[in-house]
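Trainee: Coordinates in final35.csv, CSV, N, CA and C atoms, are listed below.
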chain,number,residue,atom,x,y,z
A,974,MET,N,-12.4,-39.8,51.5
A,974,MET,CA,-11.4,-38.9,51.0
A,974,MET,C,-10.6,-39.4,49.8
A,975,GLY,N,-10.3,-40.7,49.7
A,975,GLY,CA,-9.6,-41.2,48.6
A,975,GLY,C,-10.4,-41.2,47.3
A,976,ARG,N,-11.7,-41.5,47.4
A,976,ARG,CA,-12.6,-41.4,46.3
A,976,ARG,C,-12.7,-40.0,45.7
A,977,ARG,N,-12.7,-39.0,46.6
A,977,ARG,CA,-12.8,-37.7,46.2
A,977,ARG,C,-11.5,-37.3,45.4
A,978,ILE,N,-10.4,-37.7,45.8
A,978,ILE,CA,-9.1,-37.5,45.1
A,978,ILE,C,-9.2,-38.1,43.7
A,979,VAL,N,-9.6,-39.3,43.6
A,979,VAL,CA,-9.7,-40.0,42.3
A,979,VAL,C,-10.7,-39.2,41.4
A,980,TRP,N,-11.8,-38.8,42.0
A,980,TRP,CA,-12.8,-38.1,41.3
A,980,TRP,C,-12.2,-36.8,40.7
A,981,VAL,N,-11.5,-36.1,41.5
A,981,VAL,CA,-10.9,-34.8,41.0
A,981,VAL,C,-9.8,-35.1,40.0
A,982,LEU,N,-9.0,-36.1,40.2
A,982,LEU,CA,-7.9,-36.4,39.3
A,982,LEU,C,-8.4,-36.8,37.9
A,983,VAL,N,-9.4,-37.7,37.9
A,983,VAL,CA,-9.9,-38.1,36.5
A,983,VAL,C,-10.7,-37.0,35.9
A,984,MET,N,-11.3,-36.2,36.6
A,984,MET,CA,-12.1,-35.1,36.1
A,984,MET,C,-11.1,-34.1,35.4
A,985,LEU,N,-10.0,-33.8,36.1
A,985,LEU,CA,-8.9,-33.0,35.6
A,985,LEU,C,-8.3,-33.6,34.3
A,986,LEU,N,-8.0,-34.9,34.4
A,986,LEU,CA,-7.4,-35.5,33.3
A,986,LEU,C,-8.3,-35.5,32.0
A,987,LEU,N,-9.5,-35.8,32.2
A,987,LEU,CA,-10.5,-35.7,31.1
A,987,LEU,C,-10.6,-34.3,30.6
A,988,GLY,N,-10.8,-33.4,31.5
A,988,GLY,CA,-11.0,-32.0,31.1
A,988,GLY,C,-9.8,-31.3,30.4
A,989,LEU,N,-8.6,-31.6,30.9
A,989,LEU,CA,-7.4,-31.0,30.3
A,989,LEU,C,-7.1,-31.6,29.0
A,990,THR,N,-7.1,-32.9,28.9
A,990,THR,CA,-6.8,-33.6,27.7
A,990,THR,C,-7.9,-33.3,26.7
A,991,GLY,N,-9.1,-33.1,27.2
A,991,GLY,CA,-10.2,-32.7,26.3
A,991,GLY,C,-10.0,-31.4,25.6
A,992,ALA,N,-9.6,-30.4,26.5
A,992,ALA,CA,-9.4,-29.0,26.0
A,992,ALA,C,-8.3,-29.0,25.0
A,993,VAL,N,-7.2,-29.7,25.3
A,993,VAL,CA,-6.0,-29.8,24.4
A,993,VAL,C,-6.4,-30.5,23.1
A,994,GLY,N,-7.2,-31.6,23.2
A,994,GLY,CA,-7.6,-32.3,22.0
A,994,GLY,C,-8.4,-31.5,21.1
A,995,VAL,N,-9.4,-30.8,21.6
A,995,VAL,CA,-10.2,-29.9,20.8
A,995,VAL,C,-9.4,-28.8,20.1
A,996,TYR,N,-8.5,-28.2,20.9
A,996,TYR,CA,-7.7,-27.1,20.4
A,996,TYR,C,-6.8,-27.7,19.3
A,997,ASN,N,-6.1,-28.8,19.5
A,997,ASN,CA,-5.2,-29.4,18.5
A,997,ASN,C,-5.9,-29.9,17.3
A,998,GLY,N,-7.1,-30.5,17.5
A,998,GLY,CA,-7.8,-31.0,16.4
A,998,GLY,C,-8.2,-29.9,15.5
A,999,ILE,N,-8.6,-28.7,16.0
A,999,ILE,CA,-9.0,-27.6,15.2
A,999,ILE,C,-7.8,-27.0,14.5
A,1000,SER,N,-6.7,-26.7,15.3
A,1000,SER,CA,-5.6,-26.0,14.8
A,1000,SER,C,-4.7,-26.8,13.8
A,1001,GLU,N,-4.8,-28.1,14.0
A,1001,GLU,CA,-4.0,-29.0,13.1
A,1001,GLU,C,-4.7,-29.6,11.9
A,1002,TRP,N,-6.0,-29.1,11.8
A,1002,TRP,CA,-6.8,-29.7,10.7
A,1002,TRP,C,-6.2,-29.6,9.3
A,1003,SER,N,-5.6,-28.5,9.0
A,1003,SER,CA,-5.1,-28.3,7.7
A,1003,SER,C,-3.6,-28.8,7.5
A,1004,ASP,N,-3.0,-29.3,8.6
A,1004,ASP,CA,-1.6,-29.7,8.6
A,1004,ASP,C,-1.4,-31.1,8.0
A,1005,PRO,N,-2.2,-32.1,8.3
A,1005,PRO,CA,-1.9,-33.5,7.8
A,1005,PRO,C,-1.8,-33.6,6.3
A,1006,HIS,N,-0.9,-34.5,5.8
A,1006,HIS,CA,-0.7,-34.6,4.4
A,1006,HIS,C,-1.2,-36.0,3.9
A,1007,THR,N,-1.3,-37.0,4.8
A,1007,THR,CA,-1.8,-38.3,4.4
A,1007,THR,C,-3.1,-38.6,5.0
A,1008,PRO,N,-3.8,-39.6,4.5
A,1008,PRO,CA,-5.1,-40.0,5.1
A,1008,PRO,C,-4.8,-40.5,6.6
A,1009,LEU,N,-3.7,-41.2,6.8
A,1009,LEU,CA,-3.4,-41.7,8.1
A,1009,LEU,C,-3.2,-40.6,9.1
A,1010,GLN,N,-2.5,-39.6,8.7
A,1010,GLN,CA,-2.3,-38.4,9.5
A,1010,GLN,C,-3.6,-37.7,9.8
A,1011,GLN,N,-4.4,-37.6,8.8
A,1011,GLN,CA,-5.7,-36.9,9.0
A,1011,GLN,C,-6.6,-37.7,9.9
A,1012,SER,N,-6.5,-39.1,9.9
A,1012,SER,CA,-7.3,-39.9,10.9
A,1012,SER,C,-6.8,-39.6,12.3
A,1013,VAL,N,-5.5,-39.4,12.5
A,1013,VAL,CA,-5.0,-39.1,13.8
A,1013,VAL,C,-5.6,-37.7,14.3
A,1014,THR,N,-5.6,-36.8,13.4
A,1014,THR,CA,-6.2,-35.5,13.8
A,1014,THR,C,-7.7,-35.6,14.1
A,1015,VAL,N,-8.4,-36.4,13.4
A,1015,VAL,CA,-9.8,-36.6,13.7
A,1015,VAL,C,-10.0,-37.3,15.1
A,1016,ALA,N,-9.1,-38.3,15.3
A,1016,ALA,CA,-9.1,-39.0,16.6
A,1016,ALA,C,-8.8,-38.0,17.8
A,1017,VAL,N,-7.8,-37.1,17.6
A,1017,VAL,CA,-7.5,-36.2,18.6
A,1017,VAL,C,-8.7,-35.2,18.9
A,1018,PHE,N,-9.3,-34.8,17.8
A,1018,PHE,CA,-10.5,-33.9,18.0
A,1018,PHE,C,-11.6,-34.7,18.8
A,1019,LEU,N,-11.8,-35.9,18.4
A,1019,LEU,CA,-12.9,-36.7,19.0
A,1019,LEU,C,-12.6,-37.0,20.5
A,1020,TYR,N,-11.3,-37.3,20.8
A,1020,TYR,CA,-11.0,-37.6,22.3
A,1020,TYR,C,-11.1,-36.2,23.0
A,1021,GLY,N,-10.9,-35.1,22.3
A,1021,GLY,CA,-11.1,-33.8,23.0
A,1021,GLY,C,-12.6,-33.6,23.3
A,1022,LEU,N,-13.4,-33.9,22.4
A,1022,LEU,CA,-14.9,-33.7,22.7
A,1022,LEU,C,-15.3,-34.7,23.8
A,1023,ALA,N,-14.9,-36.0,23.6
A,1023,ALA,CA,-15.3,-37.0,24.6
A,1023,ALA,C,-14.7,-36.6,26.0
A,1024,GLY,N,-13.5,-36.1,26.1
A,1024,GLY,CA,-12.9,-35.8,27.3
A,1024,GLY,C,-13.7,-34.6,28.0
A,1025,LEU,N,-14.0,-33.6,27.2
A,1025,LEU,CA,-14.8,-32.5,27.8
A,1025,LEU,C,-16.2,-32.9,28.3
A,1026,ALA,N,-16.8,-33.8,27.4
A,1026,ALA,CA,-18.1,-34.3,27.8
A,1026,ALA,C,-18.0,-35.2,29.1
A,1027,GLY,N,-17.0,-36.0,29.1
A,1027,GLY,CA,-16.8,-36.8,30.3
A,1027,GLY,C,-16.5,-36.1,31.6
A,1028,ALA,N,-15.7,-35.0,31.5
A,1028,ALA,CA,-15.4,-34.2,32.6
A,1028,ALA,C,-16.7,-33.5,33.1
A,1029,TYR,N,-17.5,-33.0,32.2
A,1029,TYR,CA,-18.7,-32.3,32.6
A,1029,TYR,C,-19.7,-33.3,33.3
A,1030,ALA,N,-19.8,-34.5,32.7
A,1030,ALA,CA,-20.7,-35.5,33.2
A,1030,ALA,C,-20.2,-36.0,34.6
A,1031,LEU,N,-18.9,-36.1,34.7
A,1031,LEU,CA,-18.3,-36.6,35.9
A,1031,LEU,C,-18.4,-35.5,37.0
A,1032,ALA,N,-18.4,-34.2,36.7
A,1032,ALA,CA,-18.6,-33.2,37.6
A,1032,ALA,C,-20.0,-33.3,38.2
A,1033,LEU,N,-20.9,-33.7,37.4
A,1033,LEU,CA,-22.3,-33.9,37.9
A,1033,LEU,C,-22.6,-35.3,38.4
A,1034,ARG,N,-21.6,-36.2,38.4
A,1034,ARG,CA,-21.7,-37.6,38.8
A,1034,ARG,C,-22.7,-38.3,38.0
A,1035,ARG,N,-22.7,-38.1,36.7
A,1035,ARG,CA,-23.7,-38.8,35.8
A,1035,ARG,C,-23.0,-40.1,35.4
A,1036,ARG,N,-23.8,-41.2,35.4
A,1036,ARG,CA,-23.3,-42.5,35.0
A,1036,ARG,C,-22.8,-42.6,33.6
A,1037,TRP,N,-23.4,-41.8,32.7
A,1037,TRP,CA,-22.9,-41.8,31.3
A,1037,TRP,C,-21.5,-41.3,31.1
A,1038,SER,N,-20.9,-40.7,32.2
A,1038,SER,CA,-19.5,-40.3,32.1
A,1038,SER,C,-18.6,-41.5,31.9
A,1039,VAL,N,-19.0,-42.7,32.3
A,1039,VAL,CA,-18.2,-43.9,32.0
A,1039,VAL,C,-18.1,-44.1,30.5
A,1040,TRP,N,-19.2,-44.0,29.8
A,1040,TRP,CA,-19.2,-44.2,28.3
A,1040,TRP,C,-18.4,-43.1,27.6
A,1041,ALA,N,-18.5,-41.9,28.2
A,1041,ALA,CA,-17.7,-40.8,27.6
A,1041,ALA,C,-16.2,-41.1,27.8
A,1042,ALA,N,-15.8,-41.6,29.0
A,1042,ALA,CA,-14.4,-42.0,29.3
A,1042,ALA,C,-14.0,-43.2,28.4
A,1043,VAL,N,-14.9,-44.1,28.1
A,1043,VAL,CA,-14.6,-45.2,27.2
A,1043,VAL,C,-14.3,-44.6,25.8
A,1044,ALA,N,-15.1,-43.7,25.3
A,1044,ALA,CA,-14.9,-43.1,24.0
A,1044,ALA,C,-13.6,-42.3,24.0
A,1045,TRP,N,-13.3,-41.6,25.0
A,1045,TRP,CA,-12.1,-40.9,25.2
A,1045,TRP,C,-10.9,-41.8,25.1
A,1046,GLY,N,-11.0,-42.9,25.8
A,1046,GLY,CA,-9.9,-43.9,25.8
A,1046,GLY,C,-9.6,-44.5,24.5
A,1047,VAL,N,-10.7,-44.9,23.8
A,1047,VAL,CA,-10.6,-45.5,22.5
A,1047,VAL,C,-9.9,-44.5,21.5
A,1048,CYS,N,-10.4,-43.3,21.5
A,1048,CYS,CA,-9.9,-42.3,20.5
A,1048,CYS,C,-8.4,-41.9,20.9
A,1049,ALA,N,-8.1,-41.8,22.2
A,1049,ALA,CA,-6.8,-41.4,22.6
A,1049,ALA,C,-5.8,-42.6,22.3
A,1050,THR,N,-6.2,-43.8,22.5
A,1050,THR,CA,-5.4,-45.0,22.2
A,1050,THR,C,-5.1,-45.0,20.6
A,1051,TYR,N,-6.2,-44.8,19.9
A,1051,TYR,CA,-6.0,-44.8,18.4
A,1051,TYR,C,-5.0,-43.7,18.0
A,1052,ALA,N,-5.2,-42.5,18.5
A,1052,ALA,CA,-4.4,-41.4,18.1
A,1052,ALA,C,-2.9,-41.6,18.5
A,1053,GLY,N,-2.7,-42.1,19.7
A,1053,GLY,CA,-1.4,-42.3,20.2
A,1053,GLY,C,-0.7,-43.4,19.4
A,1054,THR,N,-1.4,-44.5,19.2
A,1054,THR,CA,-0.8,-45.6,18.5
A,1054,THR,C,-0.5,-45.3,17.0
A,1055,VAL,N,-1.5,-44.8,16.3
A,1055,VAL,CA,-1.4,-44.6,14.9
A,1055,VAL,C,-0.4,-43.4,14.6
A,1056,ALA,N,-0.4,-42.4,15.5
A,1056,ALA,CA,0.5,-41.3,15.3
A,1056,ALA,C,2.0,-41.7,15.2
A,1057,THR,N,2.3,-42.8,15.9
A,1057,THR,CA,3.7,-43.3,15.9
A,1057,THR,C,4.0,-43.7,14.5
A,1058,ILE,N,3.1,-44.3,13.8
A,1058,ILE,CA,3.3,-44.8,12.4
A,1058,ILE,C,3.1,-43.7,11.4
A,1059,ALA,N,2.1,-42.9,11.6
A,1059,ALA,CA,1.7,-41.9,10.6
A,1059,ALA,C,2.8,-40.8,10.6
A,1060,TYR,N,3.3,-40.4,11.7
A,1060,TYR,CA,4.3,-39.3,11.7
A,1060,TYR,C,5.7,-39.7,12.0
A,1061,GLY,N,5.9,-41.0,12.3
A,1061,GLY,CA,7.3,-41.5,12.6
A,1061,GLY,C,8.2,-41.8,11.4
A,1062,GLY,N,7.6,-41.9,10.2
A,1062,GLY,CA,8.4,-42.1,9.0
A,1062,GLY,C,9.1,-43.5,9.2
A,1063,SER,N,10.4,-43.5,8.9
A,1063,SER,CA,11.2,-44.7,9.0
A,1063,SER,C,11.5,-45.1,10.4
A,1064,ASP,N,11.3,-44.1,11.3
A,1064,ASP,CA,11.6,-44.4,12.8
A,1064,ASP,C,10.3,-45.0,13.4
A,1065,GLY,N,9.2,-44.9,12.8
A,1065,GLY,CA,7.9,-45.4,13.4
A,1065,GLY,C,7.8,-46.9,13.3
A,1066,SER,N,8.4,-47.6,14.1
A,1066,SER,CA,8.4,-49.1,14.0
A,1066,SER,C,7.1,-49.6,14.6
A,1067,SER,N,6.8,-50.9,14.3
A,1067,SER,CA,5.7,-51.5,14.9
A,1067,SER,C,5.8,-51.8,16.4
A,1068,GLY,N,7.1,-52.0,16.8
A,1068,GLY,CA,7.3,-52.1,18.3
A,1068,GLY,C,7.0,-50.9,19.0
A,1069,ALA,N,7.4,-49.7,18.4
A,1069,ALA,CA,7.1,-48.4,19.1
A,1069,ALA,C,5.6,-48.2,19.1
A,1070,ALA,N,4.9,-48.5,18.1
A,1070,ALA,CA,3.4,-48.4,18.0
A,1070,ALA,C,2.8,-49.3,19.1
A,1071,LEU,N,3.3,-50.5,19.2
A,1071,LEU,CA,2.8,-51.4,20.2
A,1071,LEU,C,3.0,-50.9,21.6
A,1072,ALA,N,4.2,-50.4,21.9
A,1072,ALA,CA,4.5,-49.9,23.2
A,1072,ALA,C,3.6,-48.7,23.5
A,1073,THR,N,3.4,-47.8,22.6
A,1073,THR,CA,2.6,-46.6,22.7
A,1073,THR,C,1.1,-47.1,23.0
A,1074,GLY,N,0.7,-48.0,22.2
A,1074,GLY,CA,-0.7,-48.5,22.3
A,1074,GLY,C,-0.9,-49.1,23.7
A,1075,LEU,N,0.0,-49.9,24.2
A,1075,LEU,CA,-0.1,-50.5,25.5
A,1075,LEU,C,-0.2,-49.5,26.6
A,1076,ALA,N,0.7,-48.5,26.5
A,1076,ALA,CA,0.7,-47.4,27.5
A,1076,ALA,C,-0.7,-46.6,27.5
A,1077,CYS,N,-1.2,-46.4,26.3
A,1077,CYS,CA,-2.5,-45.7,26.2
A,1077,CYS,C,-3.6,-46.5,26.7
A,1078,VAL,N,-3.6,-47.8,26.5
A,1078,VAL,CA,-4.6,-48.7,27.0
A,1078,VAL,C,-4.6,-48.7,28.5
A,1079,LEU,N,-3.4,-48.7,29.1
A,1079,LEU,CA,-3.3,-48.8,30.6
A,1079,LEU,C,-3.8,-47.4,31.2
A,1080,ILE,N,-3.4,-46.3,30.6
A,1080,ILE,CA,-3.9,-45.0,31.1
A,1080,ILE,C,-5.4,-44.9,30.9
A,1081,ALA,N,-5.9,-45.4,29.8
A,1081,ALA,CA,-7.4,-45.3,29.6
A,1081,ALA,C,-8.1,-46.2,30.6
A,1082,ALA,N,-7.6,-47.4,30.8
A,1082,ALA,CA,-8.2,-48.3,31.7
A,1082,ALA,C,-8.3,-47.8,33.1
A,1083,ALA,N,-7.2,-47.2,33.6
A,1083,ALA,CA,-7.1,-46.6,34.9
A,1083,ALA,C,-8.1,-45.4,35.0
A,1084,THR,N,-8.2,-44.6,33.9
A,1084,THR,CA,-9.1,-43.5,33.9
A,1084,THR,C,-10.6,-44.0,33.9
A,1085,ILE,N,-10.9,-45.0,33.1
A,1085,ILE,CA,-12.3,-45.5,33.1
A,1085,ILE,C,-12.6,-46.1,34.5
A,1086,TRP,N,-11.7,-46.8,35.1
A,1086,TRP,CA,-11.9,-47.3,36.4
A,1086,TRP,C,-12.2,-46.2,37.4
A,1087,GLY,N,-11.4,-45.1,37.3
A,1087,GLY,CA,-11.6,-44.0,38.2
A,1087,GLY,C,-13.0,-43.3,38.0
A,1088,VAL,N,-13.4,-43.2,36.8
A,1088,VAL,CA,-14.7,-42.6,36.5
A,1088,VAL,C,-15.8,-43.5,37.0
A,1089,HIS,N,-15.6,-44.8,36.8
A,1089,HIS,CA,-16.7,-45.8,37.3
A,1089,HIS,C,-16.7,-45.7,38.8
A,1090,ALA,N,-15.6,-45.7,39.5
A,1090,ALA,CA,-15.6,-45.7,40.9
A,1090,ALA,C,-16.2,-44.4,41.4
A,1091,SER,N,-16.0,-43.3,40.7
A,1091,SER,CA,-16.6,-42.0,41.1
A,1091,SER,C,-18.0,-41.8,40.9
A,1092,THR,N,-18.6,-42.6,40.1
A,1092,THR,CA,-20.0,-42.5,39.7
A,1092,THR,C,-20.9,-43.6,40.3
A,1093,ARG,N,-20.3,-44.5,41.1
A,1093,ARG,CA,-21.1,-45.5,41.7
A,1093,ARG,C,-22.0,-44.9,42.7
A,1094,VAL,N,-23.2,-45.4,43.0
A,1094,VAL,CA,-24.2,-44.9,43.9
A,1094,VAL,C,-23.6,-44.8,45.3
A,1095,GLU,N,-22.8,-45.8,45.7
A,1095,GLU,CA,-22.2,-45.8,47.1
A,1095,GLU,C,-21.2,-44.6,47.2
A,1096,ALA,N,-20.5,-44.4,46.1
A,1096,ALA,CA,-19.5,-43.3,46.2
A,1096,ALA,C,-20.1,-41.9,46.3
A,1097,ALA,N,-21.3,-41.7,45.6
A,1097,ALA,CA,-22.0,-40.5,45.7
A,1097,ALA,C,-22.6,-40.3,47.1
A,1098,LYS,N,-23.1,-41.4,47.7
A,1098,LYS,CA,-23.6,-41.2,49.0
A,1098,LYS,C,-22.6,-40.9,50.0
A,1099,VAL,N,-21.4,-41.5,49.9
A,1099,VAL,CA,-20.4,-41.3,50.9
A,1099,VAL,C,-19.8,-39.9,50.8
A,1100,ASP,N,-19.6,-39.4,49.6
A,1100,ASP,CA,-19.1,-38.0,49.4
A,1100,ASP,C,-20.1,-36.9,49.7
A,1101,HIS,N,-21.4,-37.2,49.6
A,1101,HIS,CA,-22.3,-36.2,49.9
A,1101,HIS,C,-22.8,-36.2,51.4
A,1102,ALA,N,-22.4,-37.2,52.1
A,1102,ALA,CA,-22.8,-37.3,53.5
A,1102,ALA,C,-22.1,-36.4,54.4
Once you've parsed the file, please lay out its structure as structure tokens.
Mentor:
Amino acid sequence: MGRRIVWVLVMLLLGLTGAVGVYNGISEWSDPHTPLQQSVTVAVFLYGLAGLAGAYALALRRRWSVWAAVAWGVCATYAGTVATIAYGGSDGSSGAALATGLACVLIAAATIWGVHASTRVEAAKVDHA
């Protein structure tokens, strides 16, 4: 039962952040004014695509969903960390970027762990039994 809850939660997290990322990446494409802001928009779009792919693969319990979650985590961490500096102006300190980056890494690590736990062969056998 616990593994099924983790499976559903990480699938929802990847799917919802994926949908929002794709939407925001497309709708904000013309907004950024600096190359750093544009790189954040690209990262948001990429974590959107990776999140949707990961949710789809996780729904089918495919092992490659772990790699999609890793790509999602890397792009989300980049977007969160760099956005602090790119959009923060004089308020965007390196300490704030570091704190944001650390939070993103922890969320990504927990998500990747959940995806990995949900796609292990033993987990699939237990849930389908």
Trainee: Can you work out which one of A:Val1013, A:Leu987, A:Ile1058, A:Ala1052 has the shortest atom-to-atom distance to Ala1028 of chain A, counting all atoms listed in the file?
Mentor: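 Among the listed residues, the smallest separation from Ala1028 of chain A belongs to A:Leu987.
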Trainee: Using only N, CA and C atoms, which protein or nucleic acid residues come within 6.5 Å of Leu1071 of chain A? Drop anything in the same chain fewer than 5 positions from it, and give the result as a ChimeraX atom specification.
Mentor: /A:1054,1066,1076
Trainee: What would the list of residues within 7 Å of (-3.3, -48.4, 17.1) (file frame) look like as a VMD selection string, if all atoms listed in the file are what count?
Mentor: chain A and resid 1050 to 1056 1070 1074
Trainee: Residues within 7 Å of segment 1020-1027 of chain A, please, as a ChimeraX atom specification. Count only C-alpha atoms; anything in the same chain fewer than 6 positions from it doesn't count.
Mentor: /A:987-988,990-995,1038,1041-1042,1044-1045,1048-1049
Trainee: My list of candidates is A:Ala1059, A:Gly1065, A:Arg1093, A:Ile1080. Which is closest to Gln1010 of chain A when distances are computed with only N, CA and C atoms?
Mentor: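 Counting only N, CA and C atoms, the residue closest to Gln1010 of chain A is A:Ala1059.
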Trainee: Give the answer as one residue: which of A:Val1017, A:Leu1009, A:Val1047, A:Met974 has the shortest atom-to-atom distance to Thr1084 of chain A, using only C-alpha atoms?
Mentor: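 The answer is A:Val1047, which sits nearest to Thr1084 of chain A.
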Trainee: Please indicate the distance in Å from atom CA of Val1088 of chain A to atom N of Glu1001 of chain A, rounded to one decimal place.
Mentor: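 Pair atom CA of Val1088 of chain A / atom N of Glu1001 of chain A returns 28.5 Å.
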Trainee: Could you tell me how far atom CA of Gly998 of chain A sits from atom CA of Ser1012 of chain A, in Å to one decimal place?
Mentor: 10.5 Å
Trainee: Take atom C of Leu1079 of chain A and atom N of Leu1033 of chain A and report the distance between them in Å, one decimal.
Mentor: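 Separation between atom C of Leu1079 of chain A and atom N of Leu1033 of chain A: 22.8 Å.
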